[in-house]
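Q: Below is one structure. I have some questions about it.
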Amino acid sequence: MINNLKNIHDQLIIADKSFSSRLFTGTGKFNDQQTMLAALKASRSELVTMALKRVDMQNKDDDILAPLIKNGMNLLPNTSGARNAKEAIYAAQLAREALQTNWLKLEIHPDPKYLLPDPIETLKAAEVLANDGFVILPYVHADPVLCKHLESAGCAAVMPLGAPIGSNKGLKTLDFLEIIIEQANIPVIVDAGIGSPSHAALAMEMGADAVLVNTAMAVAGDPVAMSEAFAKAVQAGRQAYLAGLAGQVNHAVASSPLTAFLEAG
Amino acid sequence: MINNLKNIHDQLIIADKSFSSRLFTGTGKFNDQQTMLAALKASRSELVTMALKRVDMQNKDDDILAPLIKNGMNLLPNTSGARNAKEAIYAAQLAREALQTNWLKLEIHPDPKYLLPDPIETLKAAEVLANDGFVILPYVHADPVLCKHLESAGCAAVMPLGAPIGSNKGLKTLDFLEIIIEQANIPVIVDAGIGSPSHAALAMEMGADAVLVNTAMAVAGDPVAMSEAFAKAVQAGRQAYLAGLAGQVNHAVASSPLTAFLEAG
Amino acid sequence: MINNLKNIHDQLIIADKSFSSRLFTGTGKFNDQQTMLAALKASRSELVTMALKRVDMQNKDDDILAPLIKNGMNLLPNTSGARNAKEAIYAAQLAREALQTNWLKLEIHPDPKYLLPDPIETLKAAEVLANDGFVILPYVHADPVLCKHLESAGCAAVMPLGAPIGSNKGLKTLDFLEIIIEQANIPVIVDAGIGSPSHAALAMEMGADAVLVNTAMAVAGDPVAMSEAFAKAVQAGRQAYLAGLAGQVNHAVASSPLTAFLEAG
Amino acid sequence: MINNLKNIHDQLIIADKSFSSRLFTGTGKFNDQQTMLAALKASRSELVTMALKRVDMQNKDDDILAPLIKNGMNLLPNTSGARNAKEAIYAAQLAREALQTNWLKLEIHPDPKYLLPDPIETLKAAEVLANDGFVILPYVHADPVLCKHLESAGCAAVMPLGAPIGSNKGLKTLDFLEIIIEQANIPVIVDAGIGSPSHAALAMEMGADAVLVNTAMAVAGDPVAMSEAFAKAVQAGRQAYLAGLAGQVNHAVASSPLTAFLEAG
Amino acid sequence: MNVFVNERKTEIPQGCTIEALLNLLESPLKGSAIAVNQSIVSRSQWSEYKLNDGDQISLFQAIAGG
Amino acid sequence: MNVFVNERKTEIPQGCTIEALLNLLESPLKGSAIAVNQSIVSRSQWSEYKLNDGDQISLFQAIAGG
Amino acid sequence: MNVFVNERKTEIPQGCTIEALLNLLESPLKGSAIAVNQSIVSRSQWSEYKLNDGDQISLFQAIAGG
Amino acid sequence: MNVFVNERKTEIPQGCTIEALLNLLESPLKGSAIAVNQSIVSRSQWSEYKLNDGDQISLFQAIAGG
């Protein structure tokens, strides 16, 4: 009972928005737009990130916004492709114009091989954009001290990585995510590296406020079913966190009483 | 579509029974019977294990069977407490009489500290009990060769451990569970050590046919909510397995196109 | 001082033999015999395992024994290739005749893909061979209960695996090796899976009495240097075990006093 | 042969200094100065870090420098206690005066609980101090992008952490240390978290140029023996790296030929 | 006459059956198993099986346990 | 007169506004952003903002991306 | 007369011993083991043990192997 | 006259140099660093640098620390 009530009201609040689903998603790498939409619907996600690109006048991409908005999803434009603060700020302003939202996934990765975020440029951009009224969710390395700086800079949440984007390696930064979660006064959203529902569940069990998953859904054999699976796993992990997990012990603890049978005979 | 159809028919068959839920549970360690029943209901489990004990004539335990049967759960008596084949066989025969079922969770653990199963005595007992018409689910170490022996002996499934009973340590035997799953021609049920929904999801993602969870539910802060969480996690893991997980890669793979903004300006 | 004294006398005793080196080796997979000999010398190993084979009358293998014996190494014939107790016993008796030693690495692996040991057949063979006067070192899965059975059967030591032979995966069975080491009254030699000196050091730090390494030396870019490296790592791990490692803590512990400088100014 | 030659010349060069030993150490946490000196000697370390403190006029600490210098160790003053760039710069200048060396272990950790380094303030201080002629070895989180910034700022090496200082947890940042090592053009010294010789060996096997160990030596049961053990492990790991480790495989690879005995009979 | 139920001396009437004993003990039949002098007596025989003086009766019951 | 839309020479009528240009290009207004000679022009000004000969126009659009 | 050494037909003189056979085959005694018709013949008997026509001889030798 | 060494009032003779002060305090020169009123005074100047009444002197020393 109590628990069900608890879950009914277990909303995630970021800035001015409230979310029932703690699974955030992306629009990248799907084979086609129809699959993408079906998968995002199946995920029940309420926040979806997308990129911005100069239009290629020869062959234009089809419009992805309309259907997303129609499905009541909130848009989270990102600055992917930006290699420094200056580019990211420019991208952010364009994104705000294009999508008419001040929400922003701030990502700055100078290195094309591992796409790891730049702590220095990210903080620099965050400080500028926060003053410019953006709701900033920065994608960062799992660096607890950096996360506190970003919190002070006025970010609405932090998005530390579990492993390099698209690697599906899971929570390689677990020991540091725990510290970030312990210290943060803003929501912590684990982003990048989550390759399977069990990874997502683990992040939620640790007390993460949400996870962002894209690649693992998009490249699955059946993206729609996989997105459903992620939705369930995120709920499971969150519910387990709220229900209070027991710790690990180093010896065995019988779950059956040990009764000797022959003597008993 | 296909996937939904697939899931509709995704029944687990063991011997003569068919299961919609791949989460098996136990009755141990709950604070009280009411909590136990509420939790088992929440878990949607269809197979529940219990022990057998000599009745203490002074103070008798209350009857747990009636409510379980009333809830349509199948009973899986276990031989916990048996320290060798002889004791296990005796316990099995008593259990069959008491519960009027030939299903049996065969467990033989001579060592009271870690409660690890005895491969020699377990196989010996399995051979005898199989000839005596039992449907045997043996609890064993994650030993692929032993599992093949038990399969040949006529066991209906194998229940390799993830970690010592009640340790909540998760899938410490992962590398060997993978081999067991690859080689088995009977269902593989991961038992013991599963301490959180993410552990259960991982086992299912690997292709386990089911998991058995007891301690982690019973000792949770809120056992009912935790059981629900496990139910969702097992579904998530199974669905992910069927949907086809992508592998891990060692570099990053962009989920957004990388477009340089300033040049773009 | 004390420590140096301790190390001087830190001999490993198995049956009638005493070893200064806790690194056991094998003769397999080297490119040529000269490299093998140089590597084994560099390893300072005092116990070397080898196989037995029917002679191919067309093209005979060159004699590997003479040089090993010349280098004062003790021979540990193994029963590799045996798929059950009967074959292993036959192989053991042939080996005793061929190498004139009653020492034996008992290995029985029916499965050619993972070469995992058979617990049932291994115990059966051990019981027979112990009565026949063999000094038995059985290669087994990291199964603590099985190891106790083998101890009772009269084995001189147990050789639990870290990971499948030749996989170089390290101590995947760590949690169970710890239990085996805690419970054993005979030496515990970690065999199979040790792929790098750090793996060997870890096994020794845990309290293993010795390790057996072959593949990682034989297939290294420079087998001689690699064997030297393993020798150092085994010494390092053993010395650390004797010197008493401190445990892990979950927070940081300053190794410098924290003095605030500006106030200090 | 080649290998021995290789090792003879395997010197680590940082700025103007060349090191035969790749084990750097610290002076903290030892029970007494005599033990510290004996341990540092046993470690064969050639670079030792120490802190700076305002003198307490009531009870002064004894002079630790003289004996270190007498033992021909190079001094690496650190800025521990500094919580921002300004404090660190001040501490660095004092250290240079006090120890008459421009070498500096730059560490800035605002958070007293986990002592994790501050990426922003560390880079800021590094830029200033590099222009002031310091040879800077910054202690940083295992953040590959930050390490490249520090390299560009003129640091002589980078010292990414394996785990929080004094936690003895080992290489929790392994996946990112690999990237740092792959991308760095300056030496990479793994610092903090190394709790046992096997951890140190692993770091060296991965291609780290050196490791810094303090706590694990100082708090060991026998610090002198433990320091010796670390020295051997670092050599082992380095030698293994140079000798070329083989990769991991997922199946077993027989190290003995598989010959069937009975047919053979 | 007397029998011993899980080591406890219990007086029962002559010709008492197992079923009668269980009723006497107010013990549920469901979920119970019985061994008399070490050997298990199948439920189907409980109504006929007559106990003898001095019989060692073991009474087992299903209980909570993982 | 001519402007350059993402480097591509495009002929437009005198006094053409950004909004007019987008219609000309059959480009959706929704999800688009415009910069003229590097500086972003807010959507609210598109209907008035008149383009000049030789203007460098950057046209951006939202696309799929994680 | 003929014997079979590891399946290979080999002509040997009457009354040939195992030791003589090994010399004949230029096979080292050290590191070798012999079974005649499945049963192992201990090294100590090699000098006396006379082979019979048609004997199946298995010759084993130590080889490299982990 | 009086100066303050790490907050502690200390009487010193007129025209006392840093070097003299350290001798006075029986403090080793090696491994020490000095700041007078926040600014660091390099070792080379210690023998000339004359202290003034009321100077705030900070004396630092190398100590054990990882």
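Each chain in the structure tokens gets a letter, A, B, ..., in the order shown, and its residues are numbered from 1; ligands are numbered from 1 in order too.
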Compile the residues of chain A that lie within 8 Å of chain D, evaluated using only C-alpha atoms, and express the compilation as a ChimeraX atom specification.

A: /A:110-111,116-120,141,143-146,172-173,175

Q: Which residues, written as a PDB file with N, CA, C and O atoms, in the first residue's frame, have at least one atom at most 7 Å from Ile189 in chain D, with only C-alpha atoms counted and residues fewer than 4 positions away on the same chain left out?

A:
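Saved as selection-v6.pdb:
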```pdb
ATOM      1  N   VAL D 158      51.170  12.975 -16.089  1.00  0.00           N
ATOM      2  CA  VAL D 158      49.863  13.036 -15.435  1.00  0.00           C
ATOM      3  C   VAL D 158      49.766  11.878 -14.451  1.00  0.00           C
ATOM      4  O   VAL D 158      50.347  10.819 -14.664  1.00  0.00           O
ATOM      5  N   MET D 159      49.050  12.127 -13.355  1.00  0.00           N
ATOM      6  CA  MET D 159      48.898  11.106 -12.322  1.00  0.00           C
ATOM      7  C   MET D 159      47.423  10.801 -12.075  1.00  0.00           C
ATOM      8  O   MET D 159      46.859  11.217 -11.061  1.00  0.00           O
ATOM      9  N   PRO D 160      46.790  10.067 -12.995  1.00  0.00           N
ATOM     10  CA  PRO D 160      45.377   9.729 -12.798  1.00  0.00           C
ATOM     11  C   PRO D 160      45.203   8.744 -11.645  1.00  0.00           C
ATOM     12  O   PRO D 160      46.089   7.922 -11.391  1.00  0.00           O
ATOM     13  N   ALA D 208      51.133   1.598 -18.096  1.00  0.00           N
ATOM     14  CA  ALA D 208      51.425   2.788 -17.303  1.00  0.00           C
ATOM     15  C   ALA D 208      52.941   2.931 -17.213  1.00  0.00           C
ATOM     16  O   ALA D 208      53.664   1.934 -17.242  1.00  0.00           O
ATOM     17  N   ASP D 209      53.438   4.176 -17.122  1.00  0.00           N
ATOM     18  CA  ASP D 209      54.879   4.401 -17.060  1.00  0.00           C
ATOM     19  C   ASP D 209      55.416   4.211 -15.649  1.00  0.00           C
ATOM     20  O   ASP D 209      56.605   3.912 -15.478  1.00  0.00           O
ATOM     21  N   ALA D 210      54.567   4.412 -14.661  1.00  0.00           N
ATOM     22  CA  ALA D 210      54.964   4.226 -13.267  1.00  0.00           C
ATOM     23  C   ALA D 210      53.713   4.217 -12.405  1.00  0.00           C
ATOM     24  O   ALA D 210      52.608   4.489 -12.897  1.00  0.00           O
ATOM     25  N   VAL D 211      53.896   3.870 -11.136  1.00  0.00           N
ATOM     26  CA  VAL D 211      52.806   3.957 -10.164  1.00  0.00           C
ATOM     27  C   VAL D 211      53.324   4.674  -8.924  1.00  0.00           C
ATOM     28  O   VAL D 211      54.518   4.636  -8.639  1.00  0.00           O
ATOM     29  N   LEU D 212      52.429   5.323  -8.205  1.00  0.00           N
ATOM     30  CA  LEU D 212      52.798   5.905  -6.927  1.00  0.00           C
ATOM     31  C   LEU D 212      52.023   5.174  -5.841  1.00  0.00           C
ATOM     32  O   LEU D 212      50.803   5.055  -5.901  1.00  0.00           O
TER      33      LEU D 212
END
```

Q: Using only C-alpha atoms, tabulate the residues of chain E lying at most 10 Å from any atom of chain B, each with its closest atom pair and that distance in Å to one decimal, by chain and increasing residue number, as a tab-separated table.

A:
```
residue	atom	partner	partner_atom	distance
E:Val5	CA	B:Met57	CA	8.0
E:Asn6	CA	B:Arg54	CA	7.2
E:Glu7	CA	B:Met57	CA	9.4
E:Arg8	CA	B:Met57	CA	7.8
E:Leu25	CA	B:Met57	CA	8.7
E:Ser27	CA	B:Lys60	CA	8.9
E:Pro28	CA	B:Asp63	CA	8.2
E:Leu29	CA	B:Ala98	CA	8.4
E:Lys30	CA	B:Ala98	CA	6.8
E:Gly31	CA	B:Ala98	CA	4.4
E:Ser32	CA	B:Ala98	CA	4.4
E:Ala33	CA	B:Ala98	CA	4.5
E:Ile34	CA	B:Leu94	CA	7.4
E:Ala35	CA	B:Leu94	CA	8.2
E:Gln38	CA	B:Tyr90	CA	9.6
E:Ser39	CA	B:Tyr90	CA	9.3
E:Ile40	CA	B:Leu94	CA	7.0
E:Val41	CA	B:Glu97	CA	8.5
E:Ser42	CA	B:Glu97	CA	6.3
E:Arg43	CA	B:Glu97	CA	6.5
E:Ser44	CA	B:Glu97	CA	9.5
E:Ser58	CA	B:Arg54	CA	7.0
E:Leu59	CA	B:Arg54	CA	5.7
E:Phe60	CA	B:Arg54	CA	4.2
E:Gln61	CA	B:Lys53	CA	5.5
E:Ala62	CA	B:Leu52	CA	4.5
E:Ile63	CA	B:Ala51	CA	5.4
E:Ala64	CA	B:Thr27	CA	4.7
E:Gly65	CA	B:Gly28	CA	3.7
E:Gly66	CA	B:Gly26	CA	4.1
```

Q: Quick one: distance from CA of Ile18 in chain F to CA of Asn59 in chain A in Å, one decimal?

A: 20.5 Å

Q: DSSP on the backbone: which residues in range 37-96 of chain A end up as strand (DSSP E or B)? Give the answer as a list of chain:residue names.

A: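 Selecting the strand (DSSP E or B) positions of range 37-96 of chain A gives A:Leu47, A:Val48, A:Thr49, A:Met50, A:Ala51, A:Leu52, A:Lys53, A:Arg54, A:Asn74, A:Leu75, A:Leu76, A:Pro77, A:Asn78.
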
Q: Which value, in Å to one decimal, gives the distance between CA of Met217 in chain D and CA of Ala203 in chain C?

A: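 Result for CA of Met217 in chain D versus CA of Ala203 in chain C: 19.0 Å, one decimal.
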
Q: So which residues touch Leu21 in chain G within 12 Å, counting only C-alpha atoms, skipping near sequence neighbours fewer than 4 positions away, as an MDAnalysis selection string?

A: chainID G and resid 2:5 10:17 25:29 34 46:52 57:59

Q: For CA of Pro187 in chain A and CA of Glu205 in chain A, determine how far apart the two atoms are, in Å to one decimal place.

A: 14.6 Å
